[in-house]
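Novice: Take this structure first; my questions come after.
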2 protein chains.
Amino acid sequence: MKRNSVANQPAGATPLSPVEVEVIHLFVQLSRALGQPPSVAEIYGLLFVSPHPLPQDEFYDRLNLSKGSASQGLRYLLDLGAVRTVYVAADRRVHYEAVAELRNLAGRFMRQQLLTNFEDSGARLARIAAEAQKLDGEERKHVVSRVKMLQSWEKNVKRVLPIILTVLGGRNGAAR
Amino acid sequence: MKRNSVANQPAGATPLSPVEVEVIHLFVQLSRALGQPPSVAEIYGLLFVSPHPLPQDEFYDRLNLSKGSASQGLRYLLDLGAVRTVYVAADRRVHYEAVAELRNLAGRFMRQQLLTNFEDSGARLARIAAEAQKLDGEERKHVVSRVKMLQSWEKNVKRVLPIILTVLGGRNGAAR
DNA sequence: TTTATCTTTCATTTCTTATTGAACAATTCG
DNA sequence: CGAATTGTTCAATAAGAAATGAAAGATAAA
């Protein structure tokens with residue numbers, strides 16, 4: 001069966017309500033901006049509106065994605081800390097609920113994202129600086145100044161990140 | 001000819017120096033984190049280290065990408081404001097140079113990125129809020145609180161963005 | 001005007017990433 | 001112990017994104 005956006009559930013599954021559809025859309029949109037796969041966004045979106053913890057089959061029945069996607073997507077969200085498991089009495093299935101505190105979410109996401117792609121940027125910058133010394137005259141002057149610029153960028157970004165997290169967390173999103 | 005990373009220039013083109021290679025790597029890495037195509041990162045990286053403005057053929061000769069990619073990539077960077085054109089006397093070709101102020105770069109990039117994916121999120125939130133009123137009892141209560149949470153998130157993000165830009169710009173990257 | 005140079009466009013191809021689904025655990029129930 | 005239910009893994013496939021290259025525009029020089 002093909003993934004035709006959010007549509008045609010298998011017989012017996014409760015179709016998505018209009019609110020659910022809208023909220024899921026919102027998260028899918030967000031996922032594009034953040035470079036995350038849509039299936040993950042769908043899963044998180046559904047969990048986010050749901051008043052109860054949900055078991056895995058809810059996801060592949062109602063969002064009609066494959067077992068595999070549901071399993072992988074949930075594991076990814078678990079690792080990210082965007083979702084937690086909940087024990088439900090008299091039910092064998094593992095249930096999930098959304099972790100919705102913006103500070104945690106944003107923080108973990110950034111860490112994951114930046115660490116994955118960035119670990120060695122400092123080392124690389126040092127290597128570049130060293131290489132630059134081998135150049136001569138005008139060119140060296142220019143390259144050295146560019147490298148300094150990059151180092152300054154790095155420092156700035158490192159300075160800004162904690163601030164972002166603080167501000168995001170300060171008055172945070174707990175609706176009351 | 002296939003794109004085999006940064007390698008085999010056509011005969012006659014100056015091969016990339018070690019410094020250039022490293023700097024380009026750095027930008028390609030960054031581009032992954034930001035979800036930008038590698039070819040664009042290569043172009044910007046080369047321009048960033050270059051002490052002179054460069055014409056288009058430099059890009060497809062030395063980075064060996066196609067004319068098409070060079071043209072499109074440069075246009076993209078121009079639109080973003082990450083690159084500007086430079087007039088060079090007695091040369092018919094348009095030359096390009098990098099715009100390297102972090103504040104401008106980051107600002108424009110965020111604006112472009114967020115506007116593209118986000119324009120209507122406010123409207124969508126309003127629609128969701130309206131839909132939520134149609135629900136009843138417990139469920140409505142929960143959905144309404146979630147919607148409030150989303151609205152609060154949106155507000156927080158809008159509040160944080162200008163701060164980020166200010167801090168990035170404050171002591172900015174002009175090497176001296 | 002004709003020719004040469006430089007640039008853009010866009011249908012096609014290639015490459016990357018996300019998703020599927022069938023096979024294989026693992027667990028609980030009868 | 002099976003049998004049924006739940007969950008994971010991973011090779012194969014599909015969907016999507018980026019890059020190519022050939023053709024067509026522009027512009028300038030001869």
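Within each chain, counting starts at residue 1; across the structure tokens, chains are named A, B, ... in the order shown, with ligands numbered 1 upward in that order.
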Give me the residues within 10 Å of A:Pro37 as a list in words, counting only C-alpha atoms (C1' of nucleotides) and dropping any in the same chain fewer than 4 places off.
Specialist: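 Answer for this query is Val28, Ser31, Arg32, Ala41, Glu42 and Gly73 of chain A; DT17 and DA18 of chain C.
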Novice: Mind writing the picked residues with N, CA and C atoms (P, O5', C5', C4', C3', O3' and C1' of nucleotides) as a short mmCIF file (atom, residue, chain, number, x, y, z; two decimals), in the first residue's frame?
Specialist:
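That gives us selection_3.cif:
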data_model
loop_
_atom_site.label_atom_id
_atom_site.label_comp_id
_atom_site.auth_asym_id
_atom_site.auth_seq_id
_atom_site.Cartn_x
_atom_site.Cartn_y
_atom_site.Cartn_z
N VAL A 28 4.39 18.43 10.35
CA VAL A 28 5.07 18.02 9.12
C VAL A 28 5.76 19.22 8.50
N SER A 31 8.79 19.98 10.36
CA SER A 31 9.83 18.98 10.08
C SER A 31 10.60 19.30 8.81
N ARG A 32 9.93 19.90 7.86
CA ARG A 32 10.62 20.30 6.63
C ARG A 32 11.69 21.33 6.97
N ALA A 41 7.40 13.27 11.97
CA ALA A 41 6.57 14.42 12.34
C ALA A 41 5.12 13.99 12.53
N GLU A 42 4.65 13.12 11.67
CA GLU A 42 3.27 12.64 11.79
C GLU A 42 3.07 11.95 13.13
N GLY A 73 10.42 5.29 13.86
CA GLY A 73 10.11 6.67 14.21
C GLY A 73 10.00 6.84 15.72
P DT C 17 21.82 11.47 2.36
"O5'" DT C 17 20.27 11.15 2.49
"C5'" DT C 17 19.32 12.15 2.18
"C4'" DT C 17 17.94 11.58 2.38
"C3'" DT C 17 17.75 10.90 3.73
"O3'" DT C 17 16.64 11.54 4.31
"C1'" DT C 17 17.02 9.48 1.97
P DA C 18 15.92 11.07 5.65
"O5'" DA C 18 14.68 10.25 5.05
"C5'" DA C 18 13.81 10.91 4.17
"C4'" DA C 18 12.64 10.01 3.85
"C3'" DA C 18 11.95 9.42 5.07
"O3'" DA C 18 10.56 9.55 4.82
"C1'" DA C 18 12.71 7.67 3.63
#
Novice: Run DSSP on the backbone and grab whatever in chain A lands in alpha helix (DSSP H); send it over as a PyMOL selection string.
Specialist: chain A and resi 18-34+38-49+56-62+67-80+102-118+121-133+137-170
Novice: Run DSSP on the backbone and give me the residues of stretch 10-109 of chain B it puts in strand (DSSP E or B), as an NGL selection string.
Specialist: :B and (54-55 or 83-86 or 95-98)
Novice: Pull N, CA, C and O atoms from the residues just selected and write them as a CSV table (one decimal), in the first residue's frame.
Specialist:
chain,number,residue,atom,x,y,z
B,54,LEU,N,35.6,35.9,-8.2
B,54,LEU,CA,35.8,34.8,-9.2
B,54,LEU,C,34.6,34.8,-10.2
B,54,LEU,O,33.5,35.1,-9.8
B,55,PRO,N,34.9,34.5,-11.4
B,55,PRO,CA,33.9,34.3,-12.4
B,55,PRO,C,33.4,32.9,-12.4
B,55,PRO,O,34.0,32.0,-11.8
B,83,VAL,N,26.3,36.5,-1.4
B,83,VAL,CA,27.3,36.7,-2.4
B,83,VAL,C,26.9,37.9,-3.1
B,83,VAL,O,25.7,38.3,-3.2
B,84,ARG,N,27.9,38.7,-3.6
B,84,ARG,CA,27.6,39.8,-4.4
B,84,ARG,C,28.4,39.8,-5.7
B,84,ARG,O,29.4,39.2,-5.8
B,85,THR,N,27.9,40.6,-6.7
B,85,THR,CA,28.6,40.6,-8.0
B,85,THR,C,29.6,41.8,-7.9
B,85,THR,O,29.4,42.8,-7.3
B,86,VAL,N,30.7,41.6,-8.7
B,86,VAL,CA,31.7,42.6,-8.7
B,86,VAL,C,32.1,42.9,-10.2
B,86,VAL,O,32.2,41.9,-11.0
B,95,HIS,N,31.9,38.7,-12.1
B,95,HIS,CA,32.6,38.1,-11.0
B,95,HIS,C,31.8,38.2,-9.7
B,95,HIS,O,31.0,39.0,-9.5
B,96,TYR,N,32.1,37.2,-8.8
B,96,TYR,CA,31.4,37.1,-7.5
B,96,TYR,C,32.4,37.2,-6.4
B,96,TYR,O,33.5,36.7,-6.4
B,97,GLU,N,31.9,37.8,-5.3
B,97,GLU,CA,32.7,37.7,-4.0
B,97,GLU,C,31.7,37.3,-2.9
B,97,GLU,O,30.5,37.6,-2.9
B,98,ALA,N,32.3,36.8,-1.8
B,98,ALA,CA,31.5,36.3,-0.7
B,98,ALA,C,31.1,37.5,0.2
B,98,ALA,O,31.9,38.4,0.4
Novice: Return as a list in words the residues belonging to chain A that are within 10 Å of chain D, counting only C-alpha atoms (C1' of nucleotides).
Specialist: Lys2, Arg3, Gln56, Asp57, Lys67, Gly68, Ser71, Gln72, Arg92, Arg93 and Val94 of chain A
Novice: Dump as a PDB file with N, CA and C atoms (P, O5', C5', C4', C3', O3' and C1' of nucleotides), in the first residue's frame the residues of chain C that approach chain B to within 8 Å, counting only C-alpha atoms (C1' of nucleotides).
Specialist:
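Written output follows (selection-v4.pdb):
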ATOM      1  P    DC C   6      34.448  34.276 -21.831  1.00  0.00           P
ATOM      2  O5'  DC C   6      33.012  34.353 -21.172  1.00  0.00           O
ATOM      3  C5'  DC C   6      32.374  35.634 -21.061  1.00  0.00           C
ATOM      4  C4'  DC C   6      30.928  35.419 -20.710  1.00  0.00           C
ATOM      5  C3'  DC C   6      30.685  34.554 -19.472  1.00  0.00           C
ATOM      6  O3'  DC C   6      30.047  35.376 -18.501  1.00  0.00           O
ATOM      7  C1'  DC C   6      29.194  34.007 -21.238  1.00  0.00           C
ATOM      8  P    DT C   7      29.690  34.750 -17.072  1.00  0.00           P
ATOM      9  O5'  DT C   7      28.202  34.282 -17.313  1.00  0.00           O
ATOM     10  C5'  DT C   7      27.210  35.257 -17.647  1.00  0.00           C
ATOM     11  C4'  DT C   7      25.885  34.570 -17.885  1.00  0.00           C
ATOM     12  C3'  DT C   7      25.415  33.680 -16.752  1.00  0.00           C
ATOM     13  O3'  DT C   7      24.358  34.364 -16.100  1.00  0.00           O
ATOM     14  C1'  DT C   7      24.982  32.733 -18.901  1.00  0.00           C
ATOM     15  P    DT C   8      23.534  33.638 -14.936  1.00  0.00           P
ATOM     16  O5'  DT C   8      22.374  32.926 -15.749  1.00  0.00           O
ATOM     17  C5'  DT C   8      21.424  33.744 -16.432  1.00  0.00           C
ATOM     18  C4'  DT C   8      20.400  32.862 -17.116  1.00  0.00           C
ATOM     19  C3'  DT C   8      19.545  32.007 -16.177  1.00  0.00           C
ATOM     20  O3'  DT C   8      18.200  32.245 -16.547  1.00  0.00           O
ATOM     21  C1'  DT C   8      20.456  30.671 -17.899  1.00  0.00           C
TER      22       DT C   8
END
Novice: Rounded to one decimal place, report the atom CA of B:Leu63-atom CA of B:Glu101 distance in Å.
Specialist: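 Computed distance, atom CA of B:Leu63 to atom CA of B:Glu101, equals 24.0 Å.
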Novice: At a cut-off of 8 Å, which residues of chain A touch chain B? Count only C-alpha atoms and give the answer as a PyMOL selection string.
Specialist: chain A and resi 18-19+22-23+26+29-30+32-35+48-51+102+113-114+117-118+121+124+128+131-132+139+142-143+145-146+148-150+152-153+156-157+160+164+167-168+172-176
Novice: What is the atom CA of B:Leu80 to atom CA of B:Val40 distance in Å?
Specialist: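 Interatomic distance here is 11.5 Å.
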Novice: How many Å lie between atom CA of B:Ala82 and atom CA of B:Gln112, rounded to one decimal?
Specialist: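 If I compute the distance from atom CA of B:Ala82 to atom CA of B:Gln112, I get 12.0 Å.
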